[in-house]
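For reference, the structure discussed in these notes is given below.
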Amino acid sequence: MPGHDEFAEGPKFSINDQPRRTTRVGQNIRLTASDNFQLGAYRADPSGQPKGAVVVIQEIFGVNHHIRSVCDRLAGEGYVAIAPSIFDRTAPNFQSGYSPDEITEARKFVANPDWAAMLRDTQAAIDAVKSVGPVGIIGFCLGGSIAFVAATRLSGLKAAIGYYGGAVVRFADETPKVPTQLHFGEKDAGIPLTDVETIKSKRPDVEVFIYPGAQHGFHCDERASYDKTSADIAWPRSMAFFATHLK
């Protein structure tokens, strides 16, 4: 991953800022990748007929409470949502919170990331839900980078969305095969705006949004860097993108 401190946290949000919570609707399942590796995943299904499916790719903190909540929220939007545990090859069932010590521990998983393995596991998630209908992918932090690379290399997707993926700039010469949308915080300590401008320059075919004052992790209401104003703009923007392309 980039040498910048992509995972730095900002000030704690005020006790008066009430994070959104979603009722848990999903279940833990197993997936099998193309190399026969079995990994865990969390899947949430909507109450009615699904519009399609969305693969959710984790931050460096595993398929934790926040990622499961994102899946549940997507189910509430009418999509089957599935989050593969892409760290299962090295640390099965790894989940982490967001304290400084936990962040330090979680960073170890991206010191030398196995992109090929993570993409195999992402493809397994896509394949598991493709019978539902059109499939999109959304990822955060590390997952934001994986979502972008999935758009350029994997099969079975109709749209891709990445939030603050620090490695996207490394892959910006690759052309997404599906409509792609990216979200970055203006004040992200690990993703300088020069990187974002490079992405915009190399990928005019990709929608890129920058959120004023927002830090890394601004969408996660369990992180110190949560920015409700930015998150409340980015999420509807993402849902509108899926509504347009997952048909």
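Residue numbers start at 1 in each chain; chains themselves are named A, B, ... in the order of the structure tokens; ligands are numbered from 1 in the order shown.
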Using only C-alpha atoms, which residues sit within 8 Å of A:Pro176 once same-chain residues fewer than 3 positions away are excluded, as a PyMOL selection string? chain A and resi 148-149+151-153+179-180
Can you write just those residues out, N, CA and C atoms, as a PDB file, in the first residue's frame?
ATOM      1  N   PHE A 148     -11.710  -1.038  -7.446  1.00  0.00           N
ATOM      2  CA  PHE A 148     -11.249  -0.466  -8.714  1.00  0.00           C
ATOM      3  C   PHE A 148     -10.580  -1.536  -9.575  1.00  0.00           C
ATOM      4  N   VAL A 149      -9.680  -2.324  -8.982  1.00  0.00           N
ATOM      5  CA  VAL A 149      -8.985  -3.354  -9.752  1.00  0.00           C
ATOM      6  C   VAL A 149      -9.971  -4.425 -10.225  1.00  0.00           C
ATOM      7  N   ALA A 151     -12.925  -3.870 -11.149  1.00  0.00           N
ATOM      8  CA  ALA A 151     -13.583  -3.291 -12.326  1.00  0.00           C
ATOM      9  C   ALA A 151     -12.739  -3.432 -13.578  1.00  0.00           C
ATOM     10  N   THR A 152     -11.432  -3.488 -13.404  1.00  0.00           N
ATOM     11  CA  THR A 152     -10.551  -3.592 -14.571  1.00  0.00           C
ATOM     12  C   THR A 152     -10.236  -5.031 -14.958  1.00  0.00           C
ATOM     13  N   ARG A 153     -10.316  -5.965 -13.986  1.00  0.00           N
ATOM     14  CA  ARG A 153      -9.805  -7.314 -14.246  1.00  0.00           C
ATOM     15  C   ARG A 153     -10.811  -8.453 -14.097  1.00  0.00           C
ATOM     16  N   PRO A 179     -18.826   0.868 -15.558  1.00  0.00           N
ATOM     17  CA  PRO A 179     -18.878   2.207 -14.961  1.00  0.00           C
ATOM     18  C   PRO A 179     -18.332   2.200 -13.533  1.00  0.00           C
ATOM     19  N   THR A 180     -17.479   3.168 -13.235  1.00  0.00           N
ATOM     20  CA  THR A 180     -16.772   3.201 -11.958  1.00  0.00           C
ATOM     21  C   THR A 180     -16.852   4.590 -11.341  1.00  0.00           C
TER      22      THR A 180
END
Taking 5 positions as the minimum chain separation for residues in the same chain, which residues sit within 9 Å of A:Gly133 when counting only C-alpha atoms? Answer as a ChimeraX atom specification. /A:50-53,246-247
Please provide the set of residues having any atom within 7 Å of A:Gly143, restricted to only C-alpha atoms, with same-chain residues fewer than 6 positions apart removed, written as a compact mmCIF listing (two decimals) with C-alpha atoms, in the first residue's frame.
# COMPACT_ATOMS: atom_id res chain seq x y z
CA ILE A 57 -15.05 -5.29 0.18
CA GLN A 58 -13.72 -4.60 3.64
CA GLU A 59 -11.28 -2.09 5.02
CA GLY A 165 -8.64 3.47 -1.96
Considering only C-alpha atoms, return as a PyMOL selection string whatever protein or nucleic-acid residues lie within 7 Å of A:Ile60, sequence-local ones (same chain, fewer than 4 positions apart) excluded. chain A and resi 106-107+142
Could you name the residues that touch stretch 155-158 of chain A at 6 Å or less, counting only C-alpha atoms, but leaving out those on the same chain fewer than 5 positions away, as JSON, numbers by chain? {"A": [135, 136, 178]}
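By chain and then residue number, the residues within 7 Å of stretch 27-32 of chain A are A:Asn36, A:Phe37, A:Gln38, A:Leu39, A:Gly40, A:Ala41, A:Tyr42, A:Arg43, A:Ala44, A:Ala124, A:Ala125, counting only C-alpha atoms and disregarding those fewer than 4 positions away in sequence.
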Would you kindly return, as a PyMOL selection string, each protein, DNA or RNA residue with an atom no farther than 8 Å from any atom of A:Ile161, considering only C-alpha atoms and excluding same-chain residues fewer than 2 positions away? chain A and resi 136-139+144+147-148+159+163+180-183+238
Atoms kept (C-alpha atoms) for selection, written as a PDB file, in the first residue's frame:
ATOM      1  CA  GLY A 136     -21.997  -4.253  -8.441  1.00  0.00           C
ATOM      2  CA  ILE A 137     -19.060  -3.894  -6.090  1.00  0.00           C
ATOM      3  CA  ILE A 138     -18.320  -1.326  -3.402  1.00  0.00           C
ATOM      4  CA  GLY A 139     -15.194  -1.175  -1.263  1.00  0.00           C
ATOM      5  CA  GLY A 144     -11.775   0.725  -2.379  1.00  0.00           C
ATOM      6  CA  ALA A 147     -13.106  -2.518  -6.110  1.00  0.00           C
ATOM      7  CA  PHE A 148     -11.249  -0.466  -8.714  1.00  0.00           C
ATOM      8  CA  ALA A 159     -20.640  -1.213 -11.797  1.00  0.00           C
ATOM      9  CA  TYR A 163     -14.132   4.805  -1.221  1.00  0.00           C
ATOM     10  CA  THR A 180     -16.772   3.201 -11.958  1.00  0.00           C
ATOM     11  CA  GLN A 181     -17.157   5.854  -9.265  1.00  0.00           C
ATOM     12  CA  LEU A 182     -14.543   6.889  -6.686  1.00  0.00           C
ATOM     13  CA  HIS A 183     -14.817   8.887  -3.450  1.00  0.00           C
ATOM     14  CA  SER A 238     -23.451   5.751  -4.609  1.00  0.00           C
TER      15      SER A 238
END
Please run DSSP on the backbone and report, as JSON, numbers by chain, all residues within stretch 2-223 of chain A that come out as strand (DSSP E). {"A": [27, 28, 29, 30, 31, 32, 38, 39, 40, 41, 42, 43, 44, 52, 53, 54, 55, 56, 57, 79, 80, 81, 82, 83, 84, 135, 136, 137, 138, 139, 140, 159, 160, 161, 162, 163, 180, 181, 182, 183, 184, 185, 207, 208, 209, 210, 211]}
Dump as a CSV table (one decimal), in the first residue's frame, selection limited to N, CA and C atoms:
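Saved file part-v1.csv follows:
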chain,number,residue,atom,x,y,z
A,27,GLN,N,-26.3,-13.2,7.4
A,27,GLN,CA,-25.8,-14.5,8.0
A,27,GLN,C,-24.4,-14.7,7.5
A,28,ASN,N,-23.7,-15.5,8.2
A,28,ASN,CA,-22.4,-15.9,7.8
A,28,ASN,C,-22.5,-17.1,6.9
A,29,ILE,N,-21.7,-17.1,5.8
A,29,ILE,CA,-21.8,-18.2,4.8
A,29,ILE,C,-20.3,-18.6,4.4
A,30,ARG,N,-20.2,-19.6,3.6
A,30,ARG,CA,-18.8,-20.0,3.1
A,30,ARG,C,-18.8,-19.8,1.6
A,31,LEU,N,-17.6,-19.5,1.0
A,31,LEU,CA,-17.4,-19.3,-0.4
A,31,LEU,C,-16.2,-20.2,-0.8
A,32,THR,N,-16.2,-20.6,-2.0
A,32,THR,CA,-15.0,-21.4,-2.6
A,32,THR,C,-14.4,-20.6,-3.7
A,38,GLN,N,-11.4,-22.2,0.7
A,38,GLN,CA,-12.7,-21.8,1.3
A,38,GLN,C,-12.5,-20.6,2.2
A,39,LEU,N,-13.4,-19.6,2.1
A,39,LEU,CA,-13.3,-18.5,2.9
A,39,LEU,C,-14.7,-18.1,3.4
A,40,GLY,N,-14.7,-17.4,4.5
A,40,GLY,CA,-16.0,-16.9,5.0
A,40,GLY,C,-16.5,-15.7,4.3
A,41,ALA,N,-17.8,-15.4,4.6
A,41,ALA,CA,-18.4,-14.2,4.0
A,41,ALA,C,-19.7,-13.9,4.8
A,42,TYR,N,-20.1,-12.7,4.7
A,42,TYR,CA,-21.4,-12.3,5.4
A,42,TYR,C,-22.3,-11.9,4.2
A,43,ARG,N,-23.5,-12.4,4.3
A,43,ARG,CA,-24.5,-12.2,3.2
A,43,ARG,C,-25.8,-11.6,3.9
A,44,ALA,N,-26.3,-10.6,3.3
A,44,ALA,CA,-27.6,-10.0,3.7
A,44,ALA,C,-28.5,-9.9,2.5
A,52,GLY,N,-30.8,-6.6,-7.5
A,52,GLY,CA,-29.5,-7.1,-8.0
A,52,GLY,C,-28.6,-7.4,-6.8
A,53,ALA,N,-27.3,-7.4,-6.9
A,53,ALA,CA,-26.5,-7.8,-5.8
A,53,ALA,C,-25.3,-6.9,-5.8
A,54,VAL,N,-24.7,-6.7,-4.6
A,54,VAL,CA,-23.5,-5.8,-4.4
A,54,VAL,C,-22.5,-6.6,-3.5
A,55,VAL,N,-21.3,-6.7,-4.1
A,55,VAL,CA,-20.2,-7.3,-3.3
A,55,VAL,C,-19.6,-6.1,-2.5
A,56,VAL,N,-19.4,-6.3,-1.2
A,56,VAL,CA,-18.8,-5.3,-0.3
A,56,VAL,C,-17.4,-5.8,0.1
A,57,ILE,N,-16.4,-4.9,-0.2
A,57,ILE,CA,-15.1,-5.3,0.2
A,57,ILE,C,-14.6,-4.4,1.4
A,79,TYR,N,-30.8,-4.7,-2.3
A,79,TYR,CA,-29.8,-5.6,-2.9
A,79,TYR,C,-29.4,-6.7,-2.0
A,80,VAL,N,-29.1,-7.8,-2.7
A,80,VAL,CA,-28.4,-8.9,-1.9
A,80,VAL,C,-26.9,-8.4,-1.8
A,81,ALA,N,-26.4,-8.4,-0.5
A,81,ALA,CA,-25.1,-7.9,-0.3
A,81,ALA,C,-24.2,-9.0,0.3
A,82,ILE,N,-23.0,-9.1,-0.2
A,82,ILE,CA,-22.1,-10.1,0.3
A,82,ILE,C,-20.7,-9.5,0.5
A,83,ALA,N,-20.1,-9.8,1.7
A,83,ALA,CA,-18.8,-9.3,2.0
A,83,ALA,C,-17.9,-10.5,2.2
A,84,PRO,N,-17.0,-10.8,1.3
A,84,PRO,CA,-16.0,-11.9,1.5
A,84,PRO,C,-14.9,-11.5,2.5
A,135,VAL,N,-24.7,-7.4,-10.9
A,135,VAL,CA,-23.8,-7.3,-9.7
A,135,VAL,C,-22.9,-6.1,-9.7
A,136,GLY,N,-22.9,-5.4,-8.6
A,136,GLY,CA,-22.0,-4.3,-8.4
A,136,GLY,C,-21.0,-4.6,-7.3
A,137,ILE,N,-20.0,-3.7,-7.2
A,137,ILE,CA,-19.1,-3.9,-6.1
A,137,ILE,C,-18.8,-2.5,-5.5
A,138,ILE,N,-18.7,-2.5,-4.1
A,138,ILE,CA,-18.3,-1.3,-3.4
A,138,ILE,C,-17.3,-1.7,-2.4
A,139,GLY,N,-16.2,-0.9,-2.2
A,139,GLY,CA,-15.2,-1.2,-1.3
A,139,GLY,C,-14.7,0.1,-0.6
A,140,PHE,N,-14.1,-0.1,0.6
A,140,PHE,CA,-13.7,1.0,1.5
A,140,PHE,C,-12.2,0.8,1.9
A,159,ALA,N,-21.0,-2.5,-12.3
A,159,ALA,CA,-20.6,-1.2,-11.8
A,159,ALA,C,-19.7,-1.4,-10.6
A,160,ALA,N,-18.9,-0.4,-10.4
A,160,ALA,CA,-17.9,-0.4,-9.2
A,160,ALA,C,-17.8,0.9,-8.6
A,161,ILE,N,-17.7,0.9,-7.2
A,161,ILE,CA,-17.6,2.1,-6.4
A,161,ILE,C,-16.5,1.9,-5.4
A,162,GLY,N,-15.6,2.8,-5.3
A,162,GLY,CA,-14.5,2.7,-4.4
A,162,GLY,C,-14.4,3.9,-3.5
A,163,TYR,N,-14.3,3.7,-2.2
A,163,TYR,CA,-14.1,4.8,-1.2
A,163,TYR,C,-12.7,4.8,-0.7
A,180,THR,N,-17.5,3.2,-13.2
A,180,THR,CA,-16.8,3.2,-12.0
A,180,THR,C,-16.9,4.6,-11.3
A,181,GLN,N,-17.0,4.6,-10.0
A,181,GLN,CA,-17.2,5.9,-9.3
A,181,GLN,C,-16.2,5.8,-8.1
A,182,LEU,N,-15.5,6.9,-7.8
A,182,LEU,CA,-14.5,6.9,-6.7
A,182,LEU,C,-14.8,8.1,-5.8
A,183,HIS,N,-14.6,7.9,-4.5
A,183,HIS,CA,-14.8,8.9,-3.5
A,183,HIS,C,-13.6,9.1,-2.6
A,184,PHE,N,-13.1,10.3,-2.4
A,184,PHE,CA,-11.9,10.6,-1.6
A,184,PHE,C,-12.2,11.8,-0.7
A,185,GLY,N,-11.5,11.8,0.5
A,185,GLY,CA,-11.6,12.9,1.4
A,185,GLY,C,-10.5,13.9,1.1
A,207,GLU,N,-15.9,8.5,-12.6
A,207,GLU,CA,-16.4,9.6,-11.8
A,207,GLU,C,-15.6,9.7,-10.5
A,208,VAL,N,-15.1,10.8,-10.2
A,208,VAL,CA,-14.3,11.0,-9.0
A,208,VAL,C,-14.8,12.2,-8.2
A,209,PHE,N,-15.1,11.9,-6.9
A,209,PHE,CA,-15.6,13.0,-6.1
A,209,PHE,C,-14.7,13.2,-4.9
A,210,ILE,N,-14.5,14.5,-4.6
A,210,ILE,CA,-13.6,14.8,-3.4
A,210,ILE,C,-14.5,15.6,-2.4
A,211,TYR,N,-14.4,15.2,-1.1
A,211,TYR,CA,-15.3,15.7,-0.1
A,211,TYR,C,-14.5,16.7,0.8
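For the residues A:Asp188, A:Asp114, A:Asp101, A:Asp45, ranking by smallest atom-to-atom distance to A:Gly76 using only C-alpha atoms places A:Asp45 first.
Nearest to A:Ser69 of all the residues A:Asp221, A:Val206, A:Ala172, A:Met239 is A:Asp221, based on only C-alpha atoms.
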